[in-house]
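In what follows, a single structure is set out as structure tokens and then discussed.
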Amino acid sequence: MKEKGKVWLVGAGPGDPGLLTLRAKAALEAADVVVYDRLVSEELLFLVPSPARLVPVGKSAGRHPVPQEEINRILLGEARAGNTVVRLKGGDSFLFGRGGEEMLFLAENGVPCEAVPGVSSVFAAAADSRVPLTHRDFSSSLHIISWRGRDGGCPKREALEALARLGGTLAILMGASALRDIGRRLAGAGFSRDLPAVVVGDASTSRRSVGVFTVGGLCEAEAPDSPAVILVGEVCRLHVPAPAGGPAAPPLAGCRIVVTRHEPTNAELRRKIRCLGAEAIPFPCIRIVPLDLAEEDLAAAGKFSWIVFTAATGIDIFFDACRAAGKDLRLFSACRFAVTGPASAQALRKRGFLPDYMPDTYSGEALGEGLAEMAAAGETVLLARGRRAAAGLAEALGAKGVSFRELCLYDTLPAEGGAHARALIAGGRFDYVFFASPSAVRSFRDQFPSMDFSLVRAVCIGQTTADCAGESGMAVYTPKEATTDAMCRLVCGLVSPGGIRN
């Protein structure tokens with residue numbers, strides 16, 4: 001019989017996945033069930049492991065498809081079934097998130113419950129608008145209120161009058177659809193009509209917006225389409241206006257890109273994509289499995305004239321194995337090193353070695369052809385790479401009569417992406433897919449056998465990967481340089497101001 005489960009009340013933060021706490025991330029990764037609200041960023045759901053179930057119970061203004069009583073029942077039932085349950089809420093669970101109600105309900109029913117705090121949208125709105133919530137010259141207190149009470153009504157006049165007398169900074173949540181009403185009621189309760197106010201929509205996301213008003217100006221303001229935080233007080237005078245014409249939109253704003261690399265390289269590429277304004281959908285299609293390397297093979301590696309690495313992953317596995325075996329790196333002092341491209345060169349430098357050769361064109365074939373010209377007669381070459389590496393490098397060396405030996409460092413096996421990402425992809429809710437190897441293309445193709453691949457825009461590193469995607473019927477785009485930066489630049493050139501271009 002399964003032991004009694006536990007519920008974690010996790011604050012998901014305001015939207016930017018970078019603002020999720022490490023403790024919250026650990027809770028998500030350990031979850032059997034995730035019960036989540038509408039305002040939770042989809043990028044956070046990608047962190048949920050594949051076996052876990054996702055249960056949406058989203059609420060929006062005036063619309064509650066899953067009543068609170070039913071949410072309580074779901075949490076209780078899942079915990080009693082022995083599951084680790086994460087109740088994922090936007091912002092912080094204990095700030096107008098009904099976390100207190102759910103914790104009391106679970107406690108009354110004997111279910112263990114623990115809260116993980118999250119970054120409130122109030123703090124994200126202040127950061128986005130560059131408005132300090134407190135300042136020694138303007139405000140020494142912060143008051144956070146919800147514009148909608150339990151019965152759906154707005155705050156009483158008496159409460160607003162008390163806030164006006166207190167002064168300080170007022171932060172209003174759940175009031176985006178009632179800006180004009182907020183302005184009129186604040187003015188009627190004693191707030192000066194000239195008191196500055198800032199409205200921040202979609203705080204912390206690439207869709208963020210900042211509007212500068214006064215209390216009187218709110219009476220004429222148009223309601224934003226997105227959730228918003230309204231800040232009112234003298235501190236709003238400190239807001240620094242945007243340059244004339246407003247800030248330029250990120251080049252990939254509104255674009256969704258599926259990233260199929262293995263972790264942790266997937267995470268670094270997603271960071272680059274998010275910096276360009278796009279949503280990165282992590283869907284690792286391969287996993288790297290290090291192979292057991294014999295001590296004699298590591299020792300023998302130091303006797304080769306050249307050691308060739310085709311991926312940063314291989315470099316890390318090779319030198320980690322040397323360290324685990326107690327090998328002195330001076331063993332390789334007479335060796336020269338060749339790498340495929342900048343990522344491998346950087347990984348090699350981190351291990352204390354400089355690459356002696358890197359081709360101008362970042363591919364295995366170019367590496368083999370260039371190395372064959374550099375290697376002197378009688379010099380030996382060790383190809384330290386993955387078990388399923390493309391044949392172009394070895395063929396180029398063999399064609400020139402260069403003696404080489406293979407050292408397999410790792411195997412590349414298919415992997416299954418998370419359930420939420422899989423649902424988005426199956427529904428066609430993406431614009432591009434980034435592929436860095438033919439094995440990733442094949443794994444992606446096998447996971448969506450009924451997909452019309454002619455609708456898939458595949459951005460591929462290297463010609464071998466591009467050929468594999470093209471054979472599957474995908475529309476293929478290949479940057480001139482085989483780097484992730486070049487992939488991002490290529491997509492920036494494909495996306496027009498009006499939307500996605502073929």
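Just remember, in the structure tokens the first chain shown is A, the second B, etc., residues are 1-based per chain, and ligands are 1-based in the order shown.
Near A:Ala301, within a cut-off of 8 Å and counting only C-alpha atoms, sit the residues A:Ile307, A:Phe332, A:Leu382, with same-chain residues fewer than 6 positions away left out.
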Close residues, stretch 30-40 of chain A itself excluded, 9 Å, only C-alpha atoms, min 6 positions apart in chain, as a ChimeraX atom specification: /A:12-15,48-49,51-60,71,74-75,78,83-91,227
With C-alpha atoms retained, could you export that selection as an mmCIF file, in the first residue's frame?
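Output file again_8.cif is given in full below:
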data_model
loop_
_atom_site.group_PDB
_atom_site.id
_atom_site.type_symbol
_atom_site.label_atom_id
_atom_site.label_comp_id
_atom_site.auth_asym_id
_atom_site.auth_seq_id
_atom_site.Cartn_x
_atom_site.Cartn_y
_atom_site.Cartn_z
ATOM 1 C CA ALA A 12 5.773 29.990 -9.506
ATOM 2 C CA GLY A 13 6.783 33.648 -9.632
ATOM 3 C CA PRO A 14 5.509 36.253 -12.107
ATOM 4 C CA GLY A 15 6.297 34.457 -15.370
ATOM 5 C CA VAL A 48 7.888 18.773 -14.893
ATOM 6 C CA PRO A 49 9.241 15.249 -15.566
ATOM 7 C CA PRO A 51 5.862 10.606 -15.706
ATOM 8 C CA ALA A 52 4.139 13.392 -13.736
ATOM 9 C CA ARG A 53 0.538 14.326 -14.506
ATOM 10 C CA LEU A 54 -0.474 17.924 -15.202
ATOM 11 C CA VAL A 55 -3.867 19.055 -13.896
ATOM 12 C CA PRO A 56 -4.991 22.534 -15.055
ATOM 13 C CA VAL A 57 -7.382 24.333 -12.700
ATOM 14 C CA GLY A 58 -6.922 27.841 -14.114
ATOM 15 C CA LYS A 59 -9.047 30.772 -13.072
ATOM 16 C CA SER A 60 -9.407 34.130 -14.789
ATOM 17 C CA ILE A 71 -9.394 22.029 -6.300
ATOM 18 C CA ILE A 74 -8.204 17.103 -6.118
ATOM 19 C CA LEU A 75 -5.328 17.938 -3.770
ATOM 20 C CA GLU A 78 -4.016 12.858 -4.952
ATOM 21 C CA ASN A 83 1.427 11.098 -4.562
ATOM 22 C CA THR A 84 3.793 14.021 -4.191
ATOM 23 C CA VAL A 85 1.582 16.910 -5.272
ATOM 24 C CA VAL A 86 2.759 20.360 -6.328
ATOM 25 C CA ARG A 87 0.095 23.050 -6.211
ATOM 26 C CA LEU A 88 1.675 25.575 -8.581
ATOM 27 C CA LYS A 89 0.453 29.166 -8.374
ATOM 28 C CA GLY A 90 1.517 32.365 -10.089
ATOM 29 C CA GLY A 91 3.472 34.766 -7.909
ATOM 30 C CA PRO A 227 -2.853 40.789 -16.146
#
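Nearest to A:Pro132 of all the residues A:Arg184, A:Arg271, A:His239, A:Lys303 is A:His239, based on only C-alpha atoms.
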DSSP on the backbone, strand (DSSP E) only: what residues of stretch 335-478 of chain A does that give? Format it as JSON, numbers by chain. {"A": [336, 337, 338, 339, 380, 381, 382, 383, 384, 385, 386, 403, 404, 405, 406, 407, 408, 409, 410, 411, 412, 413, 414, 432, 433, 434, 435, 457, 458, 459, 460, 475, 476, 477]}
Expected file contents, prior selection, C-alpha atoms, as a PDB file, in the first residue's frame:
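Saved the output as selection_0.pdb:
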ATOM      1  CA  ARG A 336      48.220  18.473 -30.296  1.00  0.00           C
ATOM      2  CA  PHE A 337      44.479  19.019 -30.229  1.00  0.00           C
ATOM      3  CA  ALA A 338      41.963  19.576 -33.010  1.00  0.00           C
ATOM      4  CA  VAL A 339      38.338  20.617 -32.508  1.00  0.00           C
ATOM      5  CA  THR A 380      48.883   9.284 -35.504  1.00  0.00           C
ATOM      6  CA  VAL A 381      45.419  10.636 -34.801  1.00  0.00           C
ATOM      7  CA  LEU A 382      42.952   9.677 -32.050  1.00  0.00           C
ATOM      8  CA  LEU A 383      39.283  10.437 -32.768  1.00  0.00           C
ATOM      9  CA  ALA A 384      37.758  10.879 -29.303  1.00  0.00           C
ATOM     10  CA  ARG A 385      34.028  11.184 -29.933  1.00  0.00           C
ATOM     11  CA  GLY A 386      30.609   9.558 -29.724  1.00  0.00           C
ATOM     12  CA  SER A 403      46.436   6.767 -39.647  1.00  0.00           C
ATOM     13  CA  PHE A 404      43.791   7.108 -36.947  1.00  0.00           C
ATOM     14  CA  ARG A 405      42.083   5.204 -34.176  1.00  0.00           C
ATOM     15  CA  GLU A 406      38.641   5.664 -32.637  1.00  0.00           C
ATOM     16  CA  LEU A 407      38.030   6.124 -28.905  1.00  0.00           C
ATOM     17  CA  CYS A 408      34.290   6.021 -28.182  1.00  0.00           C
ATOM     18  CA  LEU A 409      33.533   8.306 -25.246  1.00  0.00           C
ATOM     19  CA  TYR A 410      29.754   8.193 -25.106  1.00  0.00           C
ATOM     20  CA  ASP A 411      26.641   6.850 -26.724  1.00  0.00           C
ATOM     21  CA  THR A 412      23.764   8.952 -27.999  1.00  0.00           C
ATOM     22  CA  LEU A 413      20.370   7.403 -27.283  1.00  0.00           C
ATOM     23  CA  PRO A 414      16.828   8.573 -28.008  1.00  0.00           C
ATOM     24  CA  TYR A 432      10.793  26.406 -35.504  1.00  0.00           C
ATOM     25  CA  VAL A 433      12.661  23.325 -34.278  1.00  0.00           C
ATOM     26  CA  PHE A 434      16.404  23.468 -33.576  1.00  0.00           C
ATOM     27  CA  PHE A 435      18.352  20.299 -34.368  1.00  0.00           C
ATOM     28  CA  ARG A 457      10.692  24.456 -40.049  1.00  0.00           C
ATOM     29  CA  ALA A 458      13.939  22.748 -39.037  1.00  0.00           C
ATOM     30  CA  VAL A 459      16.977  24.879 -38.211  1.00  0.00           C
ATOM     31  CA  CYS A 460      19.963  22.535 -38.409  1.00  0.00           C
ATOM     32  CA  ALA A 475      11.610  22.641 -44.485  1.00  0.00           C
ATOM     33  CA  VAL A 476      15.313  23.011 -43.711  1.00  0.00           C
ATOM     34  CA  TYR A 477      17.312  26.108 -42.780  1.00  0.00           C
TER      35      TYR A 477
END
I want to know what sits within 9 Å of A:Ser140, based on only C-alpha atoms, with residues of the same chain fewer than 6 positions away left out; could you give that as an MDAnalysis selection string? chainID A and resid 133:134 167:169
Helix (DSSP H, G or I) per DSSP on the backbone: members of stretch 390-496 of chain A, as a PyMOL selection string: chain A and resi 392-399+419-426+438-447+453-455+463-471+484-494
Same residues, N, CA and C atoms, output as a short mmCIF file (atom, residue, chain, number, x, y, z; two decimals), in the first residue's frame:
data_model
loop_
_atom_site.label_atom_id
_atom_site.label_comp_id
_atom_site.auth_asym_id
_atom_site.auth_seq_id
_atom_site.Cartn_x
_atom_site.Cartn_y
_atom_site.Cartn_z
N GLY A 392 31.87 11.40 -41.91
CA GLY A 392 32.62 12.33 -42.75
C GLY A 392 34.04 12.58 -42.30
N LEU A 393 34.28 12.71 -41.01
CA LEU A 393 35.63 12.98 -40.50
C LEU A 393 36.58 11.82 -40.79
N ALA A 394 36.15 10.61 -40.45
CA ALA A 394 37.00 9.44 -40.67
C ALA A 394 37.25 9.23 -42.17
N GLU A 395 36.25 9.45 -42.99
CA GLU A 395 36.41 9.27 -44.43
C GLU A 395 37.42 10.26 -45.00
N ALA A 396 37.37 11.51 -44.52
CA ALA A 396 38.30 12.53 -45.02
C ALA A 396 39.74 12.18 -44.66
N LEU A 397 39.96 11.67 -43.44
CA LEU A 397 41.31 11.27 -43.04
C LEU A 397 41.77 10.05 -43.82
N GLY A 398 40.86 9.08 -43.94
CA GLY A 398 41.22 7.86 -44.67
C GLY A 398 41.58 8.12 -46.11
N ALA A 399 40.87 9.06 -46.73
CA ALA A 399 41.14 9.37 -48.13
C ALA A 399 42.53 9.95 -48.33
N ALA A 419 5.82 15.88 -21.00
CA ALA A 419 4.44 15.72 -21.45
C ALA A 419 3.85 17.04 -21.95
N HIS A 420 4.13 18.13 -21.24
CA HIS A 420 3.53 19.41 -21.65
C HIS A 420 4.10 19.88 -22.98
N ALA A 421 5.42 19.76 -23.14
CA ALA A 421 6.04 20.13 -24.41
C ALA A 421 5.53 19.25 -25.54
N ARG A 422 5.35 17.98 -25.25
CA ARG A 422 4.87 17.05 -26.27
C ARG A 422 3.48 17.47 -26.76
N ALA A 423 2.63 17.89 -25.83
CA ALA A 423 1.27 18.30 -26.20
C ALA A 423 1.30 19.55 -27.08
N LEU A 424 2.17 20.50 -26.75
CA LEU A 424 2.29 21.71 -27.56
C LEU A 424 2.75 21.39 -28.97
N ILE A 425 3.75 20.52 -29.06
CA ILE A 425 4.31 20.18 -30.37
C ILE A 425 3.28 19.41 -31.20
N ALA A 426 2.63 18.44 -30.56
CA ALA A 426 1.62 17.65 -31.28
C ALA A 426 0.49 18.53 -31.79
N PRO A 438 21.79 14.46 -36.44
CA PRO A 438 20.82 13.60 -37.11
C PRO A 438 20.06 12.72 -36.13
N SER A 439 20.71 12.30 -35.04
CA SER A 439 20.02 11.44 -34.07
C SER A 439 18.85 12.17 -33.41
N ALA A 440 18.99 13.47 -33.20
CA ALA A 440 17.89 14.25 -32.64
C ALA A 440 16.74 14.34 -33.63
N VAL A 441 17.07 14.49 -34.92
CA VAL A 441 16.02 14.52 -35.95
C VAL A 441 15.24 13.21 -35.97
N ARG A 442 15.98 12.11 -35.94
CA ARG A 442 15.32 10.80 -36.00
C ARG A 442 14.45 10.55 -34.76
N SER A 443 14.95 10.94 -33.61
CA SER A 443 14.17 10.75 -32.38
C SER A 443 12.91 11.60 -32.40
N PHE A 444 13.03 12.84 -32.85
CA PHE A 444 11.85 13.72 -32.96
C PHE A 444 10.83 13.12 -33.91
N ARG A 445 11.30 12.67 -35.04
CA ARG A 445 10.41 12.08 -36.05
C ARG A 445 9.69 10.85 -35.50
N ASP A 446 10.41 10.00 -34.74
CA ASP A 446 9.81 8.78 -34.22
C ASP A 446 8.77 9.07 -33.14
N GLN A 447 8.90 10.21 -32.45
CA GLN A 447 7.96 10.52 -31.38
C GLN A 447 6.67 11.13 -31.89
N PHE A 453 5.38 16.48 -41.49
CA PHE A 453 6.68 17.11 -41.31
C PHE A 453 6.97 18.20 -42.33
N SER A 454 6.15 18.30 -43.37
CA SER A 454 6.35 19.39 -44.32
C SER A 454 6.03 20.74 -43.67
N LEU A 455 5.32 20.71 -42.53
CA LEU A 455 4.98 21.95 -41.82
C LEU A 455 6.02 22.32 -40.77
N GLN A 463 25.53 20.13 -42.39
CA GLN A 463 24.85 19.57 -43.55
C GLN A 463 24.30 18.17 -43.29
N THR A 464 25.00 17.37 -42.48
CA THR A 464 24.52 16.02 -42.20
C THR A 464 23.17 16.05 -41.49
N THR A 465 23.05 16.93 -40.51
CA THR A 465 21.77 17.09 -39.80
C THR A 465 20.71 17.62 -40.75
N ALA A 466 21.08 18.59 -41.59
CA ALA A 466 20.13 19.16 -42.54
C ALA A 466 19.64 18.11 -43.53
N ASP A 467 20.54 17.25 -43.99
CA ASP A 467 20.14 16.20 -44.93
C ASP A 467 19.13 15.25 -44.29
N CYS A 468 19.36 14.91 -43.01
CA CYS A 468 18.44 14.00 -42.31
C CYS A 468 17.06 14.64 -42.17
N ALA A 469 17.03 15.94 -41.82
CA ALA A 469 15.74 16.63 -41.70
C ALA A 469 15.05 16.74 -43.04
N GLY A 470 15.83 17.00 -44.09
CA GLY A 470 15.24 17.10 -45.42
C GLY A 470 14.66 15.78 -45.89
N GLU A 471 15.32 14.67 -45.56
CA GLU A 471 14.79 13.35 -45.93
C GLU A 471 13.46 13.05 -45.25
N THR A 484 25.34 27.56 -32.32
CA THR A 484 23.99 27.92 -31.86
C THR A 484 23.74 29.41 -32.04
N ASP A 485 24.77 30.24 -31.92
CA ASP A 485 24.59 31.68 -32.16
C ASP A 485 24.16 31.93 -33.61
N ALA A 486 24.78 31.19 -34.54
CA ALA A 486 24.41 31.34 -35.95
C ALA A 486 22.98 30.87 -36.20
N MET A 487 22.54 29.83 -35.50
CA MET A 487 21.16 29.38 -35.63
C MET A 487 20.20 30.48 -35.20
N CYS A 488 20.51 31.14 -34.08
CA CYS A 488 19.65 32.21 -33.58
C CYS A 488 19.62 33.38 -34.56
N ARG A 489 20.80 33.74 -35.09
CA ARG A 489 20.84 34.85 -36.06
C ARG A 489 20.03 34.52 -37.30
N LEU A 490 20.11 33.27 -37.74
CA LEU A 490 19.36 32.88 -38.93
C LEU A 490 17.86 33.06 -38.71
N VAL A 491 17.36 32.63 -37.56
CA VAL A 491 15.92 32.76 -37.30
C VAL A 491 15.53 34.22 -37.18
N CYS A 492 16.39 35.05 -36.58
CA CYS A 492 16.09 36.48 -36.51
C CYS A 492 15.89 37.05 -37.91
N GLY A 493 16.66 36.55 -38.88
CA GLY A 493 16.50 37.02 -40.25
C GLY A 493 15.27 36.47 -40.93
N LEU A 494 14.72 35.36 -40.43
CA LEU A 494 13.54 34.75 -41.03
C LEU A 494 12.24 35.35 -40.51
#
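Interatomic distance, atom CA of A:Gly378 against atom CA of A:Gly401: 10.0 Å.
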In Å and to one decimal, atom CA of A:Gly217 is distant from atom CA of A:Gly188 by 13.7 Å
Counting only C-alpha atoms, what is within 10 Å of A:Ala345, bar same-chain residues fewer than 4 positions away, as an MDAnalysis selection string? chainID A and resid 309:312 315 337:341 349:350 353:358
Print the selection's residues with N, CA and C atoms to a file, as a compact mmCIF listing (two decimals), in the first residue's frame.
# COMPACT_ATOMS: atom_id res chain seq x y z
N PHE A 309 38.63 16.19 -30.97
CA PHE A 309 37.33 16.23 -30.30
C PHE A 309 36.32 16.90 -31.23
N THR A 310 35.14 16.30 -31.34
CA THR A 310 34.11 16.86 -32.22
C THR A 310 32.97 17.51 -31.45
N ALA A 311 33.00 17.46 -30.11
CA ALA A 311 31.92 18.05 -29.32
C ALA A 311 32.44 18.40 -27.93
N ALA A 312 31.90 19.46 -27.36
CA ALA A 312 32.26 19.85 -25.99
C ALA A 312 31.91 18.75 -25.00
N ILE A 315 34.71 16.30 -24.74
CA ILE A 315 35.86 16.84 -24.00
C ILE A 315 35.63 16.69 -22.50
N PHE A 337 45.92 19.21 -30.29
CA PHE A 337 44.48 19.02 -30.23
C PHE A 337 43.79 19.70 -31.41
N ALA A 338 42.79 19.01 -31.94
CA ALA A 338 41.96 19.58 -33.01
C ALA A 338 40.51 19.50 -32.58
N VAL A 339 39.75 20.55 -32.88
CA VAL A 339 38.34 20.62 -32.51
C VAL A 339 37.51 21.06 -33.71
N THR A 340 36.19 20.80 -33.61
CA THR A 340 35.30 21.12 -34.73
C THR A 340 34.95 22.58 -34.80
N GLY A 341 34.68 23.21 -33.64
CA GLY A 341 34.19 24.59 -33.67
C GLY A 341 34.41 25.31 -32.35
N ARG A 349 39.70 24.82 -23.67
CA ARG A 349 40.42 25.85 -22.91
C ARG A 349 40.12 25.75 -21.42
N LYS A 350 38.88 25.41 -21.09
CA LYS A 350 38.52 25.26 -19.67
C LYS A 350 39.30 24.12 -19.02
N PHE A 353 43.93 23.45 -22.07
CA PHE A 353 44.62 23.22 -23.34
C PHE A 353 44.07 24.16 -24.41
N LEU A 354 44.94 24.58 -25.29
CA LEU A 354 44.52 25.40 -26.42
C LEU A 354 44.42 24.53 -27.67
N PRO A 355 43.38 24.72 -28.50
CA PRO A 355 43.30 23.93 -29.73
C PRO A 355 44.40 24.34 -30.70
N ASP A 356 45.01 23.34 -31.32
CA ASP A 356 46.05 23.59 -32.32
C ASP A 356 45.46 23.75 -33.72
N TYR A 357 44.24 23.22 -33.88
CA TYR A 357 43.60 23.38 -35.19
C TYR A 357 42.09 23.38 -35.04
N MET A 358 41.46 24.33 -35.72
CA MET A 358 40.00 24.39 -35.83
C MET A 358 39.69 24.88 -37.24
Counting only C-alpha atoms, the residue among A:Thr478, A:Leu329, A:Glu161, A:Thr483 that lies closest to A:Leu269 is A:Thr483
Residues at most 6 Å from A:Leu276, counting only C-alpha atoms, excluding those fewer than 5 positions away in the same chain, as a PyMOL selection string? chain A and resi 250-252
Do you know which residues are at most 10 Å from A:Pro224 counting only C-alpha atoms, after dropping those on the same chain fewer than 5 positions away, and could you put them as number ranges by chain? A: 176-179, 199-202, 209, 211
Please produce a file of the residues just selected, as an mmCIF file, in the first residue's frame, where the atoms kept are C-alpha atoms.
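Ended up saving to part13.cif:
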data_model
loop_
_atom_site.group_PDB
_atom_site.id
_atom_site.type_symbol
_atom_site.label_atom_id
_atom_site.label_comp_id
_atom_site.auth_asym_id
_atom_site.auth_seq_id
_atom_site.Cartn_x
_atom_site.Cartn_y
_atom_site.Cartn_z
ATOM 1 C CA ALA A 176 -6.494 45.356 -14.832
ATOM 2 C CA SER A 177 -10.060 45.307 -16.145
ATOM 3 C CA ALA A 178 -11.174 48.097 -13.798
ATOM 4 C CA LEU A 179 -8.636 50.903 -14.297
ATOM 5 C CA VAL A 199 0.448 50.201 -14.742
ATOM 6 C CA VAL A 200 2.684 47.227 -15.574
ATOM 7 C CA GLY A 201 1.245 44.435 -17.713
ATOM 8 C CA ASP A 202 2.711 40.931 -18.046
ATOM 9 C CA SER A 209 4.204 46.857 -20.940
ATOM 10 C CA GLY A 211 2.005 52.780 -18.735
#
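Pairwise distance (atom CA of A:Gly153, atom CA of A:Leu173) equals 13.4 Å.
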